[in-house]
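Undergrad: Take a look at the following structure, please.
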Amino acid sequence: MADDLLIPVESESRVELEELLAASGLEHGEVVELVQFGVFETRVSASGWSFHSCTIHKARRAADLRNTFGLNPPGMALALTYLEKIEALEHRLRELECLLPR
């Protein structure tokens, strides 16, 4: 998403639960389930859960999967896990292709 360019990527940048909900379009219950499935990592802050700022991108992607394919939180968790694995493999493939002689 184009808005992702505005998301800070500093290693310690955090967002609160309410900010994540507002930025992503996910429902509170969906976020809770995605945390339980291990898709989102949390820290407990004084005001409740906080998330690394990069979680916004993942949460928006989860909302897109829900809206486009009608996935429930377990389906979103599975799809997000596979998409991350595919992206990691594609990244590794690009790295290896750069090492090939031309």
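We name chains A, B, ... following the order of the structure tokens; residues begin at 1 in each chain, and ligands are numbered from 1 as shown.
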Please list as a ChimeraX atom specification every residue within 9 Å of Val15 (chain A), counting only C-alpha atoms and excluding residues in the same chain fewer than 5 positions away.
TA: /A:20,49-53,55-56
Undergrad: Please list as a tab-separated table (two decimals) with all heavy atoms, in the first residue's frame every residue within 9 Å of His28 (chain A), counting only C-alpha atoms and excluding residues in the same chain fewer than 6 positions away.
TA:
chain	number	residue	atom	x	y	z
A	17	LEU	N	-2.77	-0.54	20.53
A	17	LEU	CA	-3.83	-1.35	19.93
A	17	LEU	C	-4.84	-0.50	19.19
A	17	LEU	O	-5.21	-0.82	18.05
A	17	LEU	CB	-4.52	-2.18	21.02
A	17	LEU	CG	-5.74	-2.99	20.57
A	17	LEU	CD1	-5.37	-3.99	19.48
A	17	LEU	CD2	-6.37	-3.70	21.76
A	18	GLU	N	-5.29	0.59	19.78
A	18	GLU	CA	-6.29	1.44	19.14
A	18	GLU	C	-5.76	2.04	17.83
A	18	GLU	O	-6.50	2.17	16.86
A	18	GLU	CB	-6.76	2.55	20.09
A	18	GLU	CG	-7.52	2.03	21.29
A	18	GLU	CD	-8.74	1.19	20.92
A	18	GLU	OE1	-9.46	1.57	19.97
A	18	GLU	OE2	-8.97	0.15	21.57
A	21	LEU	N	-5.85	-0.75	15.22
A	21	LEU	CA	-7.23	-0.97	14.76
A	21	LEU	C	-7.64	0.11	13.77
A	21	LEU	O	-8.22	-0.18	12.72
A	21	LEU	CB	-8.20	-1.01	15.94
A	21	LEU	CG	-8.02	-2.18	16.91
A	21	LEU	CD1	-8.90	-1.99	18.14
A	21	LEU	CD2	-8.31	-3.50	16.23
Undergrad: Using only C-alpha atoms for the distances, tell me which of A:Leu78, A:Leu34, A:Ala63, A:Ala88 is nearest to Ala22 (chain A).
TA: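 When distances to Ala22 (chain A) are compared using only C-alpha atoms, the smallest one comes from A:Ala63.
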Undergrad: Tell me which protein, DNA and RNA residues are within 7 Å of region 70-77 of chain A, counting only C-alpha atoms, leaving out same-chain ones fewer than 5 positions away, and put them as a ChimeraX atom specification.
TA: /A:30,33-34,37,39,62,65
Undergrad: Those same residues - N, CA, C and O atoms - I'd like them written as a PDB file, in the first residue's frame.
TA:
ATOM      1  N   GLU A  30     -10.541  -9.782  15.923  1.00  0.00           N
ATOM      2  CA  GLU A  30      -9.643 -10.346  14.907  1.00  0.00           C
ATOM      3  C   GLU A  30      -8.186 -10.171  15.326  1.00  0.00           C
ATOM      4  O   GLU A  30      -7.371 -11.089  15.173  1.00  0.00           O
ATOM      5  N   GLU A  33      -7.349 -12.672  18.032  1.00  0.00           N
ATOM      6  CA  GLU A  33      -7.114 -14.011  17.485  1.00  0.00           C
ATOM      7  C   GLU A  33      -5.781 -14.097  16.751  1.00  0.00           C
ATOM      8  O   GLU A  33      -5.064 -15.099  16.871  1.00  0.00           O
ATOM      9  N   LEU A  34      -5.427 -13.061  15.995  1.00  0.00           N
ATOM     10  CA  LEU A  34      -4.150 -13.086  15.277  1.00  0.00           C
ATOM     11  C   LEU A  34      -2.976 -13.062  16.242  1.00  0.00           C
ATOM     12  O   LEU A  34      -1.935 -13.662  15.970  1.00  0.00           O
ATOM     13  N   PHE A  37      -2.733 -16.636  17.513  1.00  0.00           N
ATOM     14  CA  PHE A  37      -2.129 -17.518  16.511  1.00  0.00           C
ATOM     15  C   PHE A  37      -0.645 -17.220  16.296  1.00  0.00           C
ATOM     16  O   PHE A  37       0.027 -17.916  15.541  1.00  0.00           O
ATOM     17  N   VAL A  39       0.625 -14.475  14.900  1.00  0.00           N
ATOM     18  CA  VAL A  39       0.885 -13.656  13.712  1.00  0.00           C
ATOM     19  C   VAL A  39       1.393 -12.278  14.118  1.00  0.00           C
ATOM     20  O   VAL A  39       2.296 -11.733  13.492  1.00  0.00           O
ATOM     21  N   ALA A  62      -3.895  -8.388   6.364  1.00  0.00           N
ATOM     22  CA  ALA A  62      -4.903  -9.302   6.910  1.00  0.00           C
ATOM     23  C   ALA A  62      -6.307  -8.799   6.596  1.00  0.00           C
ATOM     24  O   ALA A  62      -7.185  -9.580   6.194  1.00  0.00           O
ATOM     25  N   LEU A  65      -7.091  -9.483   3.011  1.00  0.00           N
ATOM     26  CA  LEU A  65      -7.433 -10.891   2.812  1.00  0.00           C
ATOM     27  C   LEU A  65      -8.863 -11.179   3.254  1.00  0.00           C
ATOM     28  O   LEU A  65      -9.589 -11.913   2.594  1.00  0.00           O
TER      29      LEU A  65
END
Undergrad: For each of A:Val32, A:Lys85, A:Glu90, A:Gly25, take the minimum atom-to-atom distance to Arg60 (chain A), counting only C-alpha atoms, then give the residue where this is smallest.
TA: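 Smallest distance to Arg60 (chain A) is found for A:Gly25.
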Undergrad: If you run DSSP on the backbone, which residues of chain A are strand (DSSP E), as a list in words?
TA: Arg14, Val15, Glu16, Thr42, Arg43, Val44, Ser45, Gly48, Trp49, Ser50, Phe51 and His52 of chain A
Undergrad: Return the single residue from A:Glu27, A:Glu87, A:Glu16, A:Glu95 that is closest to Thr42 (chain A), with distances computed using only C-alpha atoms.
TA: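 So, comparing all the options, the nearest one is A:Glu16.
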Undergrad: List the spatial neighbours of Arg61 (chain A) as a CSV table (one decimal) with all heavy atoms, in the first residue's frame - criterion: any atom at most 12 Å away, only C-alpha atoms, same-chain residues fewer than 6 positions off excluded.
TA:
chain,number,residue,atom,x,y,z
A,1,MET,N,0.8,-1.2,0.0
A,1,MET,CA,0.0,0.0,0.0
A,1,MET,C,0.9,1.2,0.0
A,1,MET,O,1.9,1.3,0.6
A,1,MET,CB,-0.9,0.0,1.2
A,1,MET,CG,-1.9,-1.0,1.3
A,1,MET,SD,-3.0,-0.7,2.7
A,1,MET,CE,-4.4,-1.7,2.2
A,4,ASP,N,2.0,2.7,3.3
A,4,ASP,CA,3.0,2.1,4.1
A,4,ASP,C,4.3,2.8,4.1
A,4,ASP,O,5.2,2.7,5.0
A,4,ASP,CB,3.3,0.6,3.6
A,4,ASP,CG,2.1,-0.3,3.8
A,4,ASP,OD1,1.3,0.1,4.7
A,4,ASP,OD2,2.0,-1.3,3.2
A,23,ALA,N,-5.7,2.1,11.9
A,23,ALA,CA,-4.9,2.1,10.7
A,23,ALA,C,-5.2,0.9,9.8
A,23,ALA,O,-5.0,1.0,8.6
A,23,ALA,CB,-3.4,2.1,11.1
A,24,SER,N,-5.7,-0.2,10.4
A,24,SER,CA,-5.8,-1.4,9.6
A,24,SER,C,-7.2,-1.7,9.1
A,24,SER,O,-7.4,-2.4,8.1
A,24,SER,CB,-5.3,-2.6,10.4
A,24,SER,OG,-6.1,-2.9,11.5
A,25,GLY,N,-8.2,-1.4,9.9
A,25,GLY,CA,-9.6,-1.8,9.6
A,25,GLY,C,-9.9,-3.1,10.2
A,25,GLY,O,-11.0,-3.6,9.9
A,26,LEU,N,-9.0,-3.7,10.9
A,26,LEU,CA,-9.4,-5.0,11.6
A,26,LEU,C,-10.3,-4.7,12.8
A,26,LEU,O,-10.2,-3.6,13.4
A,26,LEU,CB,-8.1,-5.7,12.0
A,26,LEU,CG,-7.2,-6.3,11.0
A,26,LEU,CD1,-6.0,-6.9,11.6
A,26,LEU,CD2,-8.0,-7.4,10.2
A,39,VAL,N,0.6,-14.5,14.9
A,39,VAL,CA,0.9,-13.7,13.7
A,39,VAL,C,1.4,-12.3,14.1
A,39,VAL,O,2.3,-11.7,13.5
A,39,VAL,CB,-0.4,-13.5,12.8
A,39,VAL,CG1,-0.2,-12.6,11.7
A,39,VAL,CG2,-0.8,-14.9,12.4
A,54,CYS,N,5.8,-2.1,12.2
A,54,CYS,CA,5.6,-2.8,11.0
A,54,CYS,C,4.4,-3.7,11.0
A,54,CYS,O,4.0,-4.2,10.0
A,54,CYS,CB,6.9,-3.6,10.7
A,54,CYS,SG,7.2,-5.0,11.8
A,55,THR,N,3.8,-3.9,12.2
A,55,THR,CA,2.6,-4.7,12.3
A,55,THR,C,1.4,-4.1,11.5
A,55,THR,O,0.5,-4.8,11.1
A,55,THR,CB,2.2,-5.0,13.8
A,55,THR,OG1,3.4,-5.5,14.4
A,55,THR,CG2,1.1,-5.9,13.9
A,67,ASN,N,-11.3,-9.0,3.4
A,67,ASN,CA,-12.3,-8.3,2.5
A,67,ASN,C,-12.3,-8.9,1.1
A,67,ASN,O,-13.4,-9.0,0.5
A,67,ASN,CB,-11.9,-6.8,2.4
A,67,ASN,CG,-12.0,-6.1,3.7
A,67,ASN,OD1,-12.7,-6.5,4.6
A,67,ASN,ND2,-11.3,-5.0,3.9
A,68,THR,N,-11.2,-9.3,0.6
A,68,THR,CA,-11.1,-9.9,-0.7
A,68,THR,C,-11.6,-11.3,-0.8
A,68,THR,O,-12.4,-11.7,-1.7
A,68,THR,CB,-9.7,-9.8,-1.3
A,68,THR,OG1,-9.3,-8.4,-1.2
A,68,THR,CG2,-9.6,-10.3,-2.7
A,69,PHE,N,-11.2,-12.1,0.2
A,69,PHE,CA,-11.5,-13.6,0.1
A,69,PHE,C,-12.5,-14.0,1.2
A,69,PHE,O,-12.8,-15.2,1.2
A,69,PHE,CB,-10.2,-14.4,0.2
A,69,PHE,CG,-9.2,-14.0,-0.9
A,69,PHE,CD1,-8.1,-13.3,-0.7
A,69,PHE,CD2,-9.5,-14.4,-2.2
A,69,PHE,CE1,-7.2,-13.0,-1.7
A,69,PHE,CE2,-8.6,-14.1,-3.2
A,69,PHE,CZ,-7.4,-13.4,-3.0
A,71,LEU,N,-11.9,-14.3,4.4
A,71,LEU,CA,-11.2,-15.2,5.3
A,71,LEU,C,-11.5,-14.8,6.8
A,71,LEU,O,-11.7,-13.6,7.1
A,71,LEU,CB,-9.7,-15.1,5.1
A,71,LEU,CG,-9.2,-15.6,3.8
A,71,LEU,CD1,-7.6,-15.5,3.8
A,71,LEU,CD2,-9.6,-17.0,3.6
A,76,MET,N,-6.8,-16.0,7.8
A,76,MET,CA,-5.9,-14.8,7.6
A,76,MET,C,-4.5,-15.2,8.1
A,76,MET,O,-3.5,-14.9,7.5
A,76,MET,CB,-6.4,-13.6,8.4
A,76,MET,CG,-7.6,-12.9,7.8
A,76,MET,SD,-8.0,-11.4,8.6
A,76,MET,CE,-9.2,-12.0,9.8
A,77,ALA,N,-4.5,-15.9,9.3
A,77,ALA,CA,-3.2,-16.3,9.9
A,77,ALA,C,-2.4,-17.2,9.0
A,77,ALA,O,-1.2,-17.1,8.7
A,77,ALA,CB,-3.4,-16.9,11.3
A,79,ALA,N,-2.8,-17.7,5.7
A,79,ALA,CA,-2.4,-17.0,4.4
A,79,ALA,C,-1.3,-16.0,4.7
A,79,ALA,O,-0.3,-16.0,3.9
A,79,ALA,CB,-3.6,-16.2,3.9
A,80,LEU,N,-1.3,-15.3,5.8
A,80,LEU,CA,-0.2,-14.4,6.1
A,80,LEU,C,1.1,-15.2,6.3
A,80,LEU,O,2.2,-14.7,5.8
A,80,LEU,CB,-0.5,-13.5,7.3
A,80,LEU,CG,-1.5,-12.4,7.1
A,80,LEU,CD1,-1.9,-11.9,8.5
A,80,LEU,CD2,-1.0,-11.4,6.2
A,81,THR,N,1.0,-16.3,7.0
A,81,THR,CA,2.2,-17.1,7.2
A,81,THR,C,2.8,-17.6,5.9
A,81,THR,O,4.0,-17.5,5.6
A,81,THR,CB,1.9,-18.3,8.1
A,81,THR,OG1,1.4,-17.8,9.3
A,81,THR,CG2,3.1,-19.2,8.3
A,83,LEU,N,2.3,-16.3,2.8
A,83,LEU,CA,2.8,-15.1,2.1
A,83,LEU,C,4.2,-14.7,2.5
A,83,LEU,O,5.0,-14.4,1.7
A,83,LEU,CB,1.8,-14.0,2.1
A,83,LEU,CG,0.5,-14.2,1.4
A,83,LEU,CD1,-0.5,-13.1,1.7
A,83,LEU,CD2,0.8,-14.2,-0.1
A,84,GLU,N,4.4,-14.7,3.9
A,84,GLU,CA,5.7,-14.3,4.4
A,84,GLU,C,6.8,-15.3,3.9
A,84,GLU,O,7.9,-14.9,3.6
A,84,GLU,CB,5.7,-14.2,5.9
A,84,GLU,CG,5.0,-13.0,6.4
A,84,GLU,CD,4.9,-12.9,7.9
A,84,GLU,OE1,5.5,-13.7,8.6
A,84,GLU,OE2,4.3,-11.9,8.4
